[in-house]
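Student: This is protein15.pdb, which holds PDB, C-alpha atoms:
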```
ATOM      1  CA  MET A  15       8.749   6.815  -1.311
ATOM      2  CA  ILE A  16       7.701   9.743   0.815
ATOM      3  CA  LEU A  17       3.993  10.263   1.392
ATOM      4  CA  GLY A  18       2.297  13.183   3.098
ATOM      5  CA  GLU A  19      -0.205  12.640   5.889
ATOM      6  CA  LEU A  20      -3.244  13.171   3.640
ATOM      7  CA  GLU A  21      -1.749  10.882   0.974
ATOM      8  CA  LYS A  22      -1.437   8.122   3.589
ATOM      9  CA  LEU A  23      -5.022   8.630   4.726
ATOM     10  CA  VAL A  24      -6.335   8.608   1.158
ATOM     11  CA  LEU A  25      -4.348   5.494   0.273
ATOM     12  CA  ASN A  26      -5.737   3.725   3.340
ATOM     13  CA  TYR A  27      -9.220   4.808   2.269
ATOM     14  CA  PHE A  28      -8.766   3.210  -1.163
ATOM     15  CA  TRP A  29      -7.754  -0.074   0.435
ATOM     16  CA  THR A  30     -11.236  -0.206   1.982
ATOM     17  CA  VAL A  31     -13.320   0.743  -1.085
ATOM     18  CA  SER A  32     -13.373  -0.551  -4.647
ATOM     19  CA  GLY A  33     -13.172   2.924  -6.142
ATOM     20  CA  ALA A  34     -14.334   6.518  -5.778
ATOM     21  CA  ASP A  35     -14.262   9.899  -7.459
ATOM     22  CA  ALA A  36     -12.850  13.064  -5.907
ATOM     23  CA  LYS A  37     -16.246  14.183  -4.583
ATOM     24  CA  GLN A  38     -16.798  10.890  -2.777
ATOM     25  CA  VAL A  39     -13.319  11.040  -1.244
ATOM     26  CA  HIS A  40     -13.894  14.671  -0.241
ATOM     27  CA  GLU A  41     -17.225  13.770   1.397
ATOM     28  CA  TYR A  42     -15.571  10.997   3.388
ATOM     29  CA  PHE A  43     -12.707  13.160   4.643
ATOM     30  CA  SER A  44     -14.684  16.367   5.153
ATOM     31  CA  GLU A  45     -16.564  14.621   7.963
ATOM     32  CA  GLN A  46     -13.294  13.597   9.636
ATOM     33  CA  ARG A  47     -10.817  16.351   8.966
ATOM     34  CA  GLY A  48     -12.254  19.048   6.724
ATOM     35  CA  GLY A  49     -10.335  20.336   3.708
ATOM     36  CA  SER A  50     -11.289  21.478   0.251
ATOM     37  CA  LEU A  51     -12.242  19.463  -2.814
ATOM     38  CA  ASN A  52      -9.271  21.029  -4.608
ATOM     39  CA  THR A  53      -6.887  19.619  -1.970
ATOM     40  CA  ILE A  54      -8.386  16.146  -2.413
ATOM     41  CA  GLN A  55      -8.127  16.398  -6.224
ATOM     42  CA  THR A  56      -4.470  17.402  -5.949
ATOM     43  CA  THR A  57      -3.768  14.539  -3.546
ATOM     44  CA  LEU A  58      -5.467  12.025  -5.851
ATOM     45  CA  ASP A  59      -3.447  13.302  -8.807
ATOM     46  CA  ARG A  60      -0.188  12.982  -6.844
ATOM     47  CA  LEU A  61      -1.004   9.419  -5.804
ATOM     48  CA  PHE A  62      -1.874   8.598  -9.424
ATOM     49  CA  LYS A  63       1.452  10.051 -10.647
ATOM     50  CA  LYS A  64       3.300   8.022  -7.997
ATOM     51  CA  GLY A  65       1.667   4.867  -9.392
ATOM     52  CA  LEU A  66      -0.343   4.203  -6.241
ATOM     53  CA  LEU A  67      -3.784   4.870  -7.721
ATOM     54  CA  ASN A  68      -5.383   3.927 -11.011
ATOM     55  CA  ARG A  69      -7.809   6.330 -12.620
ATOM     56  CA  GLU A  70     -10.447   6.048 -15.278
ATOM     57  CA  LYS A  71     -12.229   8.949 -16.954
ATOM     58  CA  ILE A  72     -15.982   8.666 -16.515
ATOM     59  CA  GLY A  73     -17.838  11.618 -18.001
ATOM     60  CA  HIS A  74     -16.143  14.755 -16.723
ATOM     61  CA  ALA A  75     -14.590  13.152 -13.655
ATOM     62  CA  PHE A  76     -11.972  10.562 -12.843
ATOM     63  CA  ARG A  77     -12.792   7.451 -10.853
ATOM     64  CA  TYR A  78      -9.830   6.300  -8.789
ATOM     65  CA  SER A  79      -8.945   2.910  -7.345
ATOM     66  CA  SER A  80      -5.957   1.433  -5.581
ATOM     67  CA  ALA A  81      -3.201   0.338  -7.956
ATOM     68  CA  LYS A  82      -1.590  -1.967  -5.386
ATOM     69  CA  SER A  83      -2.807  -3.991  -2.474
ATOM     70  CA  ARG A  84      -1.711  -2.957   1.002
ATOM     71  CA  LYS A  85       0.590  -6.011   1.174
ATOM     72  CA  ALA A  86       2.205  -5.236  -2.191
ATOM     73  CA  PHE A  87       2.752  -1.607  -1.188
ATOM     74  CA  ILE A  88       4.358  -2.512   2.136
ATOM     75  CA  GLY A  89       6.526  -5.086   0.375
ATOM     76  CA  GLN A  90       7.648  -2.430  -2.107
ATOM     77  CA  LEU A  91       8.535  -0.074   0.761
ATOM     78  CA  ILE A  92      10.564  -2.758   2.507
ATOM     79  CA  LEU A  93      12.450  -3.579  -0.693
ATOM     80  CA  SER A  94      13.078   0.089  -1.389
ATOM     81  CA  VAL A  95      14.558   0.700   2.052
ATOM     82  CA  THR A  96      16.557  -2.497   2.261
ATOM     83  CA  GLN A  97      18.111  -2.166  -1.194
ATOM     84  CA  ASP A  98      19.800   1.011  -0.001
ATOM     85  CA  PHE A  99      21.400  -0.683   3.003
ATOM     86  CA  VAL A 100      21.757  -4.403   2.325
ATOM     87  CA  SER A 101      23.832  -6.115  -0.342
ATOM     88  CA  SER A 102      22.657  -9.432  -1.749
ATOM     89  CA  ASP A 103      25.289 -11.466   0.107
ATOM     90  CA  GLU A 104      24.491 -10.092   3.568
ATOM     91  CA  ASP A 105      22.257 -11.660   6.184
ATOM     92  CA  ASN A 106      21.283  -8.267   7.635
ATOM     93  CA  LEU A 107      17.810  -8.375   6.118
ATOM     94  CA  LEU A 108      17.044 -11.740   7.695
ATOM     95  CA  ALA A 109      18.521 -10.550  10.979
ATOM     96  CA  ALA A 110      16.243  -7.507  10.849
ATOM     97  CA  PHE A 111      13.165  -9.687  10.343
ATOM     98  CA  VAL A 112      14.202 -11.927  13.224
ATOM     99  CA  SER A 113      14.697  -8.848  15.400
ATOM    100  CA  VAL A 114      11.244  -7.523  14.530
ATOM    101  CA  SER A 115       9.652 -10.921  15.053
ATOM    102  CA  SER A 116      10.902 -11.027  18.643
ATOM    103  CA  ASP A 117       8.186  -8.463  19.455
ATOM    104  CA  LEU A 118       5.407 -10.628  17.980
ATOM    105  CA  ASP A 119       3.014 -12.622  20.144
ATOM    106  CA  ASP A 120       2.290 -16.327  19.587
ATOM    107  CA  GLN A 121      -0.718 -15.626  17.342
ATOM    108  CA  GLN A 122       1.278 -13.255  15.127
ATOM    109  CA  LEU A 123       4.167 -15.735  14.927
ATOM    110  CA  SER A 124       1.733 -18.475  13.870
ATOM    111  CA  GLU A 125       0.316 -16.185  11.174
ATOM    112  CA  LEU A 126       3.843 -15.354   9.994
ATOM    113  CA  GLU A 127       4.717 -19.043   9.795
ATOM    114  CA  ALA A 128       1.510 -19.801   7.850
ATOM    115  CA  THR A 129       2.251 -16.950   5.437
ATOM    116  CA  ILE A 130       5.797 -18.213   4.849
ATOM    117  CA  LEU A 131       4.492 -21.729   4.183
ATOM    118  CA  GLU A 132       1.873 -20.341   1.781
ATOM    119  CA  TYR A 133       4.510 -18.410  -0.181
ATOM    120  CA  GLU A 134       6.828 -21.452  -0.250
ATOM    121  CA  SER A 135       3.976 -23.558  -1.616
ATOM    122  CA  LYS A 136       3.195 -20.990  -4.334
ATOM    123  CA  LYS A 137       6.880 -20.777  -5.231
ATOM    124  CA  ALA A 138       7.114 -24.565  -5.496
ATOM    125  CA  ASP A 139       3.983 -24.633  -7.678
ATOM    126  CA  ARG A 140       5.495 -22.061 -10.058
ATOM    127  CA  GLY A 141       8.719 -24.042 -10.213
ATOM    128  CA  SER A 142       6.932 -27.287 -11.105
ATOM    129  CA  LYS A 143       5.075 -25.562 -13.976
ATOM    130  CA  SER A 144       8.321 -24.469 -15.647
TER     131      SER A 144
END
```
Let me see the structure of the file written as structure tokens.

Tutor:
Amino acid sequence: MILGELEKLVLNYFWTVSGADAKQVHEYFSEQRGGSLNTIQTTLDRLFKKGLLNREKIGHAFRYSSAKSRKAFIGQLILSVTQDFVSSDEDNLLAAFVSVSSDLDDQQLSELEATILEYESKKADRGSKS
């Protein structure tokens, strides 16, 4: 999925707030980078059509919120990229993660290990409920 620079900024904004309308988003970004309300409205509409924002009609305006968490979005990006280059019987994906992890410090490696253990535990819990 290709996102423009403003789309990335707006998406990051929605990961820090519970929701906002176009005027609130415009206010936030006008202080940082300028731009028109119309540009913000167009950007919000594009992110909604891409499935990255939810929107709810309140009066005459839409209130937007993030449709996916940051983690879910990054996971979707990784899957999207890797599906184009890795077949299910290849170890290239694991090799890529190992390669990336070589740049991590001890704290980051500990967090990665804890995250893996957490996901394994959740997976085991789902399996025992079946």

Student: Which value, in Å to one decimal, gives the distance between atom CA of A:Gln55 and atom CA of A:His40?

Tutor: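 Value for the atom CA of A:Gln55-atom CA of A:His40 distance: 8.5 Å.
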
Student: For the provided coordinates, the residues matched by the PyMOL selection byres ((chain A and resi 76) around 12) should be stated as a PDB file with C-alpha atoms, in the frame of the given file.

Tutor:
```
ATOM      1  CA  GLY A  33     -13.172   2.924  -6.142  1.00  0.00           C
ATOM      2  CA  ALA A  34     -14.334   6.518  -5.778  1.00  0.00           C
ATOM      3  CA  ASP A  35     -14.262   9.899  -7.459  1.00  0.00           C
ATOM      4  CA  ALA A  36     -12.850  13.064  -5.907  1.00  0.00           C
ATOM      5  CA  LYS A  37     -16.246  14.183  -4.583  1.00  0.00           C
ATOM      6  CA  GLN A  38     -16.798  10.890  -2.777  1.00  0.00           C
ATOM      7  CA  VAL A  39     -13.319  11.040  -1.244  1.00  0.00           C
ATOM      8  CA  GLN A  55      -8.127  16.398  -6.224  1.00  0.00           C
ATOM      9  CA  LEU A  58      -5.467  12.025  -5.851  1.00  0.00           C
ATOM     10  CA  ASP A  59      -3.447  13.302  -8.807  1.00  0.00           C
ATOM     11  CA  PHE A  62      -1.874   8.598  -9.424  1.00  0.00           C
ATOM     12  CA  LEU A  67      -3.784   4.870  -7.721  1.00  0.00           C
ATOM     13  CA  ASN A  68      -5.383   3.927 -11.011  1.00  0.00           C
ATOM     14  CA  ARG A  69      -7.809   6.330 -12.620  1.00  0.00           C
ATOM     15  CA  GLU A  70     -10.447   6.048 -15.278  1.00  0.00           C
ATOM     16  CA  LYS A  71     -12.229   8.949 -16.954  1.00  0.00           C
ATOM     17  CA  ILE A  72     -15.982   8.666 -16.515  1.00  0.00           C
ATOM     18  CA  GLY A  73     -17.838  11.618 -18.001  1.00  0.00           C
ATOM     19  CA  HIS A  74     -16.143  14.755 -16.723  1.00  0.00           C
ATOM     20  CA  ALA A  75     -14.590  13.152 -13.655  1.00  0.00           C
ATOM     21  CA  ARG A  77     -12.792   7.451 -10.853  1.00  0.00           C
ATOM     22  CA  TYR A  78      -9.830   6.300  -8.789  1.00  0.00           C
ATOM     23  CA  SER A  79      -8.945   2.910  -7.345  1.00  0.00           C
TER      24      SER A  79
END
```

Student: In Å, rounded to a single decimal, give me how far atom CA of A:Leu61 is from atom CA of A:Leu25.

Tutor: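 Separating atom CA of A:Leu25 from atom CA of A:Leu61 is a distance of 8.0 Å.
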
Student: Counting all atoms listed in the file, which residues of stretch 45-141 of chain A sit at most 10 Å from some atom of stretch 16-24 of chain A, and what is each one's closest atom pair with its distance in Å to one decimal, listed by chain and rising residue number, as a Markdown table?

Tutor:
```
| residue | atom | partner | partner_atom | distance |
| --- | --- | --- | --- | --- |
| A:Arg47 | CA | A:Leu20 | CA | 9.8 |
| A:Thr53 | CA | A:Leu20 | CA | 9.3 |
| A:Ile54 | CA | A:Leu20 | CA | 8.5 |
| A:Thr56 | CA | A:Glu21 | CA | 9.9 |
| A:Thr57 | CA | A:Glu21 | CA | 6.2 |
| A:Leu58 | CA | A:Val24 | CA | 7.8 |
| A:Arg60 | CA | A:Glu21 | CA | 8.2 |
| A:Leu61 | CA | A:Glu21 | CA | 7.0 |
| A:Lys64 | CA | A:Leu17 | CA | 9.7 |
| A:Leu66 | CA | A:Glu21 | CA | 9.9 |
| A:Leu67 | CA | A:Val24 | CA | 10.0 |
| A:Ser80 | CA | A:Val24 | CA | 9.9 |
| A:Leu91 | CA | A:Ile16 | CA | 9.9 |
```

Student: Put a box with edges along x, y and z around all the listed atoms of stretch 58-68 of chain A, pad it by 3 Å on each side, then give me its centre and sizes in Å, one decimal, as lines of an AutoDock Vina configuration file.

Tutor:
```
center_x = -1.1
center_y = 8.6
center_z = -8.4
size_x = 14.8
size_y = 15.4
size_z = 11.2
```

Student: Just how far from atom CA of A:Ser115 is atom CA of A:Glu127, in Å to one decimal?

Tutor: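 Computing it gives 10.9 Å between the two atoms.
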